[in-house]
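One structure below.
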Amino acid sequence: MTTTLSETERLASPPAFQQVSAGRKAKNALATVLVWLSFLIAVAPLVWVLYTVIANGVKRIPYTNWWSQDFGSVLSDEVGGGALHAIIGTLQQGLMCAIISVPLGLLVAIYLVEYGRGTRLARITTFMVDILSGVPSIVAALFIYALWITTLGLPRSGFAVSLALVLLMIPVVVRSAEEMLRIVPDDLREASYALGVPKWKTIMKIVLPTALSGIISGIMMALARVMGETAPLLVLVGYSAYLNWDLFSNNQASLPLLMNNERATNSMEPGSVGFDRIWGAALTLVLIIALINLIATVVSRMVAPKKK
Amino acid sequence: MRPGDRIFKNLTTGAGVFVVALIGLIGIFLIVQAIPALKANELNFLTARIWQTGDPNHLRFGILDLLLVTIYTSLLALLIAMPISLGIALFLTQYAPRRLARPFAYVVDLLAAVPSIIFGLWGILVFAPKLAPIAEWLNKNLGFIPIFGTGNVYPNFQGTIFTAGVVLAVMLLPIITSLSREVFERTPTAQIEGALALGATRWEVIRTTVLPFGKSGYIGASMLGLGRALGETIALTVILYIPAGKTFGWSLNDGGATFASQIAANYAEFNNPKSAGAYIASGLVLFVLTFAVNLAGRSIIGERKAD
């Protein structure tokens with residue numbers, strides 16, 4: 001590249017648009033303003049929601065009670081007690097959901113990338129995963145209700161909720177894992193085959209570890225998403241103000257359910273007990289989600305393939 | 001094939017088949033559970049606007065009102081969210097400084113990470129009181145237009161379709177934006193540079209290259225957003241006020257219930273199979289509706305990718 005233009009490179013005639021007309025300039029400026037404005041419109045509610053959650057929620061959660069007690073010992077409109085019962089429920093249900101959906105989702109992703117590439121079944125599977133990701137959470141809840149409670153006659157429980165959440169988590173795990181597996185270079189696979197390593201061992205020992213860091217962040221995002229779900233909880237488990245460690249029977253609280261229950265039963269005047277509890281639970285939920293994302297980032301950094 | 005390979009292949013294929021079967025199972029189980037209730041229904045399921053399922057021996061329910069409120073709320077949300085999402089997607093791909101584009105995109109994606117119940121509570125407790133004066137003003141000055149007329153809930157009551165639609169629109173922004181952004185990013189550089197070389201302004205570049213290229217992707221993304229809006233449950237359950245015995249009348253100042261919010265609001269009636277069956281029947285309609293919308297959205301986006 002030369003720094004000055006030679007005689008032949010100069011334009012023979014002046015450019016067609018030497019001056020941009022006022023009308024075009026105005027349109028361009030208007031578009032710029034509108035585009036910037038729409039970005040700000042999206043950021044405003046985010047900031048507003050987060051501010052609401054933090055400013056109102058922070059009144060409750062600094063107390064140790066919040067983290068160590070349930071609401072069983074206090075009246076519904078009495079200050080005191082804590083959200084331990086709901087925190088335990090949220091974590092248990094989320095964990096159980098992850099235990100089922102992560103292996104299942106990973107197997108589907110491995111099938112799509114390693115075995116099914118280009119086949120008819122793989123195309124149908126991809127399509128169904130897409131459709132599954134569009135299934136409303138309340139429909140997933142109704143399906144589990146029909147299967148678990150009406151057909152099998154089992155009780156409403158935290159586990160039934162986990163099953164409904166599995167339907168919502170699988171498509172997210174499959175999509176993110178699929179994407180990560182796809183970007184593993186084929187050279188790695190071929191090198192392994194050339195050494196006589198069987199395909200399944202290549203996948204387990206070479207392909208998965210290479211993609212692991214991305215897969216973990218995908219799983220954690222999915223987990224954070226299902227932990228905030230509320231609709232399946234309403235249909236599949238009842239709220240309990242008491243701590244219940246049993247995932248398989250009796251009512252069990254969780255943070256979204258706690259919020260919904262307070263909204264339905266308590267006064268929502270700012271400063272009232274119900275109001276404070278709702279935003280305390282919301283802040284707790286947001287903190288748990290943020291913590292999960294943080295752990296995901298750290299873990300995925302740790303297992304990421306070393307550069308050089 | 002070595003035994004280890006065979007087992008592993010069958011295991012992964014089985015998982016794939018299982019996911020395919022799931023969708024079928026959802027449909028079958030919902031249909032089977034809905035039939036007894038539909039048989040016992042004393043009204044026409046598709047055209048009645050009443051929902052009385054408390055007494056399992058006298059089921060009287062129809063989905064017309066639910067269907068209308070669901071579609072009306074979702075379309076209102078889409079109408080608000082579509083142009084804003086387009087703007088954000090253009091901002092992120094064409095206007096934002098390159099170094100900040102990723103963090104900015106992350107900020108918009110954060111909106112999707114906020115649990116819907118928090119949006120619902122914020123929507124009714126914090127946002128609705130601020131929105132009420134606007135609804136009131138529209139009602140007072142433009143009330144002669146039916147959509148701003150006095151609805152079945154008091155005009156400045158906060159749990160209206162207007163409030164629900166605006167909050168729902170906020171929830172749709174990240175979905176439509178992230179998909180449209182992906183499409184806009186793939187605009188061929190040669191086209192953009194060609195337009196620039198002809199002396200186009202930035203807006204003209206967008207109008208002549210980015211928008212025509214990304215149009216179908218943007219429409220597909222909006223369809224997927226619509227699918228999400230139709231099924232959104234808890235935020236609308238929290239926000240929408242269900243007026244007793246009054247039906248929906250096309251005003252933004254109406255209250256009402258969508259398929260999803262009706263089911264979630266009446267979970268207490270899931271105590272006997274017949275009443276539950278009525279809700280499952282309406283859930284089935286919602287399932288079919290979201291299935292169709294998602295199918296349409298996916299196939300539009302899929303066509304784009306195949307090019």
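We name chains A, B, ... following the order of the structure tokens; residues begin at 1 in each chain, and ligands are numbered from 1 as shown.
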Set out as a Markdown table a contact list for chain A and chain B with a cut-off of 7 Å, giving each residue of chain A that qualifies its closest atom pair and distance in Å to one decimal, counting only C-alpha atoms, ordered by chain and rising residue number.
| residue | atom | partner | partner_atom | distance |
| --- | --- | --- | --- | --- |
| A:Phe17 | CA | B:Gly199 | CA | 5.7 |
| A:Asn28 | CA | B:Trp203 | CA | 5.0 |
| A:Ala31 | CA | B:Trp203 | CA | 6.4 |
| A:Leu34 | CA | B:Gly87 | CA | 7.0 |
| A:Val35 | CA | B:Gly87 | CA | 4.5 |
| A:Trp36 | CA | B:Phe91 | CA | 6.4 |
| A:Ser38 | CA | B:Ile84 | CA | 5.1 |
| A:Phe39 | CA | B:Ile88 | CA | 4.9 |
| A:Ala42 | CA | B:Val108 | CA | 6.8 |
| A:Val43 | CA | B:Val108 | CA | 6.8 |
| A:Leu46 | CA | B:Leu111 | CA | 6.0 |
| A:Val49 | CA | B:Trp122 | CA | 6.5 |
| A:Leu104 | CA | B:Ala15 | CA | 6.2 |
| A:Leu107 | CA | B:Thr12 | CA | 4.8 |
| A:Val108 | CA | B:Gly16 | CA | 5.0 |
| A:Ile110 | CA | B:Thr12 | CA | 6.6 |
| A:Tyr111 | CA | B:Thr12 | CA | 4.9 |
| A:Tyr115 | CA | B:Lys9 | CA | 7.0 |
| A:Thr125 | CA | B:Val20 | CA | 5.6 |
| A:Met128 | CA | B:Val20 | CA | 5.6 |
| A:Val129 | CA | B:Val19 | CA | 7.0 |
| A:Ile131 | CA | B:Asn294 | CA | 6.6 |
| A:Leu132 | CA | B:Ile23 | CA | 6.9 |
| A:Gly134 | CA | B:Asn294 | CA | 6.4 |
| A:Val135 | CA | B:Phe287 | CA | 6.8 |
| A:Pro136 | CA | B:Gly231 | CA | 4.7 |
| A:Ile138 | CA | B:Ala260 | CA | 6.3 |
| A:Val139 | CA | B:Gly283 | CA | 5.9 |
| A:Leu142 | CA | B:Ile280 | CA | 6.3 |
| A:Phe143 | CA | B:Ile26 | CA | 5.6 |
| A:Ala146 | CA | B:Phe29 | CA | 6.2 |
| A:Leu147 | CA | B:Phe29 | CA | 6.8 |
| A:Pro198 | CA | B:Asp5 | CA | 6.9 |
| A:Lys199 | CA | B:Asp5 | CA | 6.3 |
| A:Trp200 | CA | B:Asp5 | CA | 5.3 |
| A:Arg225 | CA | B:Ala113 | CA | 6.5 |
| A:Gly228 | CA | B:Pro115 | CA | 4.7 |
| A:Glu229 | CA | B:Pro115 | CA | 6.6 |
| A:Thr230 | CA | B:Ile234 | CA | 6.4 |
| A:Ala231 | CA | B:Ile234 | CA | 5.8 |
| A:Leu234 | CA | B:Tyr267 | CA | 6.1 |
| A:Val235 | CA | B:Tyr267 | CA | 5.4 |
| A:Pro256 | CA | B:Ile117 | CA | 6.8 |
| A:Ala282 | CA | B:Ile118 | CA | 6.6 |
(message) Applying 7 Å and only C-alpha atoms, which residues near Ala77 in chain B remain after dropping the ones on its own chain fewer than 4 positions away? List them as a PyMOL selection string.
(response) chain B and resi 73+81+165-166+168-169
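The residue that comes closest to Arg181 in chain B, out of B:Ala48, B:Leu100, B:Ala221, B:Leu59 and on the basis of only C-alpha atoms, is B:Ala221.
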So that I can check the surroundings of Gly271 in chain A, please list as a list of chain:residue names every protein, DNA and RNA residue that reaches within 12 Å of it, counting only C-alpha atoms and ignoring chain neighbours fewer than 2 positions away.
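Contacts, in chain order: A:Ala55, A:Asn56, A:Gly57, A:Lys59, A:Arg60, A:Asp77, A:Val79, A:Asn266, A:Ser267, A:Met268, A:Glu269, A:Val273, A:Gly274, A:Phe275, A:Asp276, A:Arg277, A:Ile278, A:Trp279, A:Gly280.
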Query - Minimum-distance residue to Ala224 in chain A, chosen among A:Val299, A:Leu163, A:Leu91, A:Ala177 (using only C-alpha atoms) - result: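 Counting only C-alpha atoms, the residue closest to Ala224 in chain A is A:Leu91.
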Skip Pro129 in chain B itself and residues of its chain fewer than 6 positions away, then list as a PyMOL selection string all residues within 10 Å of it, counting only C-alpha atoms. chain B and resi 123+156-159+163
Any idea what's packed within 9 Å of Ala304 in chain A, counting only C-alpha atoms, ignoring anything in its chain fewer than 6 positions away? Could you give it as JSON, numbers by chain?
{"A": [209, 210, 211, 212, 213, 214]}
Store the residues picked out above in a file with all heavy atoms, as a short mmCIF file (atom, residue, chain, number, x, y, z; two decimals), in the first residue's frame.
data_model
loop_
_atom_site.label_atom_id
_atom_site.label_comp_id
_atom_site.auth_asym_id
_atom_site.auth_seq_id
_atom_site.Cartn_x
_atom_site.Cartn_y
_atom_site.Cartn_z
N PRO A 209 -14.28 -32.51 26.40
CA PRO A 209 -13.42 -31.62 27.19
C PRO A 209 -13.06 -30.32 26.46
O PRO A 209 -12.96 -29.27 27.09
CB PRO A 209 -12.17 -32.47 27.44
CG PRO A 209 -12.64 -33.87 27.37
CD PRO A 209 -13.72 -33.87 26.33
N THR A 210 -12.89 -30.41 25.14
CA THR A 210 -12.55 -29.20 24.39
C THR A 210 -13.69 -28.20 24.44
O THR A 210 -13.48 -26.99 24.56
CB THR A 210 -12.24 -29.56 22.92
OG1 THR A 210 -11.34 -30.65 22.89
CG2 THR A 210 -11.65 -28.38 22.19
N ALA A 211 -14.92 -28.72 24.36
CA ALA A 211 -16.08 -27.83 24.32
C ALA A 211 -16.61 -27.51 25.71
O ALA A 211 -17.53 -26.70 25.86
CB ALA A 211 -17.18 -28.47 23.48
N LEU A 212 -16.03 -28.15 26.74
CA LEU A 212 -16.63 -28.12 28.07
C LEU A 212 -16.89 -26.72 28.61
O LEU A 212 -17.95 -26.45 29.19
CB LEU A 212 -15.74 -28.90 29.05
CG LEU A 212 -16.42 -29.22 30.38
CD1 LEU A 212 -17.63 -30.09 30.15
CD2 LEU A 212 -15.45 -29.93 31.32
N SER A 213 -15.94 -25.81 28.40
CA SER A 213 -16.09 -24.50 29.03
C SER A 213 -17.34 -23.79 28.51
O SER A 213 -18.12 -23.23 29.29
CB SER A 213 -14.82 -23.68 28.82
OG SER A 213 -15.01 -22.68 27.88
N GLY A 214 -17.56 -23.88 27.19
CA GLY A 214 -18.75 -23.26 26.62
C GLY A 214 -20.02 -23.97 27.07
O GLY A 214 -21.04 -23.33 27.34
#
Tell me, which residues of range 136-276 of chain A carry DSSP alpha helix (DSSP H), written as a tab-separated table (two decimals) with C-alpha atoms, in the first residue's frame?
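Once everything was written out, this is selection-v5.tsv:
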chain	number	residue	atom	x	y	z
A	137	SER	CA	-44.08	-23.02	30.64
A	138	ILE	CA	-47.73	-23.37	31.61
A	139	VAL	CA	-48.24	-25.98	28.88
A	140	ALA	CA	-45.21	-27.91	30.16
A	141	ALA	CA	-46.82	-27.76	33.60
A	142	LEU	CA	-50.15	-29.07	32.28
A	143	PHE	CA	-48.38	-31.92	30.53
A	144	ILE	CA	-46.61	-33.00	33.73
A	158	GLY	CA	-41.24	-30.32	44.19
A	159	PHE	CA	-40.14	-33.20	42.00
A	160	ALA	CA	-43.13	-32.75	39.69
A	161	VAL	CA	-42.00	-29.14	39.30
A	162	SER	CA	-38.48	-30.32	38.43
A	163	LEU	CA	-39.93	-32.53	35.70
A	164	ALA	CA	-41.81	-29.60	34.15
A	165	LEU	CA	-38.64	-27.49	34.33
A	166	VAL	CA	-36.77	-30.29	32.52
A	167	LEU	CA	-38.95	-29.67	29.46
A	168	LEU	CA	-37.95	-26.01	29.54
A	169	MET	CA	-34.27	-26.63	30.23
A	170	ILE	CA	-33.56	-29.38	27.66
A	171	PRO	CA	-33.86	-27.20	24.54
A	172	VAL	CA	-31.56	-24.53	26.00
A	173	VAL	CA	-28.92	-27.13	26.96
A	174	VAL	CA	-29.15	-28.85	23.57
A	175	ARG	CA	-28.83	-25.65	21.57
A	176	SER	CA	-25.86	-24.26	23.48
A	177	ALA	CA	-24.03	-27.62	23.69
A	178	GLU	CA	-24.66	-28.25	19.99
A	179	GLU	CA	-23.17	-24.91	19.09
A	180	MET	CA	-20.09	-25.57	21.23
A	181	LEU	CA	-19.55	-29.11	19.90
A	182	ARG	CA	-19.82	-27.86	16.34
A	186	ASP	CA	-12.44	-31.77	12.96
A	187	ASP	CA	-8.64	-32.07	12.98
A	188	LEU	CA	-8.82	-33.05	16.65
A	189	ARG	CA	-11.29	-35.85	15.93
A	190	GLU	CA	-9.31	-37.10	12.94
A	191	ALA	CA	-6.06	-37.09	14.88
A	192	SER	CA	-7.70	-39.22	17.54
A	193	TYR	CA	-9.19	-41.67	15.01
A	194	ALA	CA	-5.79	-41.94	13.32
A	199	LYS	CA	-15.33	-42.87	18.22
A	200	TRP	CA	-17.14	-42.85	21.57
A	201	LYS	CA	-13.88	-42.47	23.44
A	202	THR	CA	-12.84	-39.68	21.10
A	208	LEU	CA	-16.37	-32.93	25.14
A	209	PRO	CA	-13.42	-31.62	27.19
A	210	THR	CA	-12.55	-29.20	24.39
A	211	ALA	CA	-16.08	-27.83	24.32
A	212	LEU	CA	-16.63	-28.12	28.07
A	213	SER	CA	-16.09	-24.50	29.03
A	214	GLY	CA	-18.75	-23.26	26.62
A	215	ILE	CA	-21.12	-26.07	27.55
A	216	ILE	CA	-20.87	-25.22	31.25
A	217	SER	CA	-21.78	-21.59	30.70
A	218	GLY	CA	-24.72	-22.70	28.56
A	219	ILE	CA	-25.95	-25.07	31.27
A	220	MET	CA	-25.68	-22.41	33.96
A	221	MET	CA	-27.61	-19.87	31.88
A	222	ALA	CA	-30.33	-22.47	31.35
A	223	LEU	CA	-30.41	-23.29	35.05
A	224	ALA	CA	-30.69	-19.63	35.99
A	225	ARG	CA	-33.60	-19.29	33.59
A	226	VAL	CA	-35.61	-22.19	34.95
A	227	MET	CA	-35.03	-21.14	38.56
A	231	ALA	CA	-46.06	-21.02	36.21
A	232	PRO	CA	-45.25	-24.74	36.74
A	233	LEU	CA	-45.00	-24.17	40.49
A	234	LEU	CA	-48.60	-23.00	40.73
A	235	VAL	CA	-50.02	-26.11	39.12
A	236	LEU	CA	-47.61	-28.74	40.41
A	255	LEU	CA	-38.66	-18.00	45.74
A	256	PRO	CA	-41.04	-17.31	42.82
A	257	LEU	CA	-43.83	-19.16	44.60
A	258	LEU	CA	-43.16	-17.20	47.77
A	259	MET	CA	-43.47	-13.95	45.81
A	260	ASN	CA	-46.70	-15.05	44.19
A	261	ASN	CA	-48.13	-16.22	47.50
A	262	GLU	CA	-47.33	-12.95	49.28
A	263	ARG	CA	-48.87	-11.00	46.42
A	264	ALA	CA	-52.05	-13.02	46.61
A	265	THR	CA	-52.46	-13.02	50.38
A	273	VAL	CA	-44.59	-6.81	55.41
A	274	GLY	CA	-45.80	-8.45	52.20
A	275	PHE	CA	-44.24	-5.72	50.06
A	276	ASP	CA	-40.87	-6.08	51.76
One residue among B:Ile300, B:Ile161, B:Gln191, B:Tyr218 is nearest to Ser74 in chain B when using only C-alpha atoms, and that residue is B:Ile161
Might you pull out every residue within 12 Å of Trp137 in chain B, with only C-alpha atoms counted and same-chain residues fewer than 6 positions away left off, and present them as a VMD selection string?
chain B and resid 131 143 148 to 150 155 to 156 253
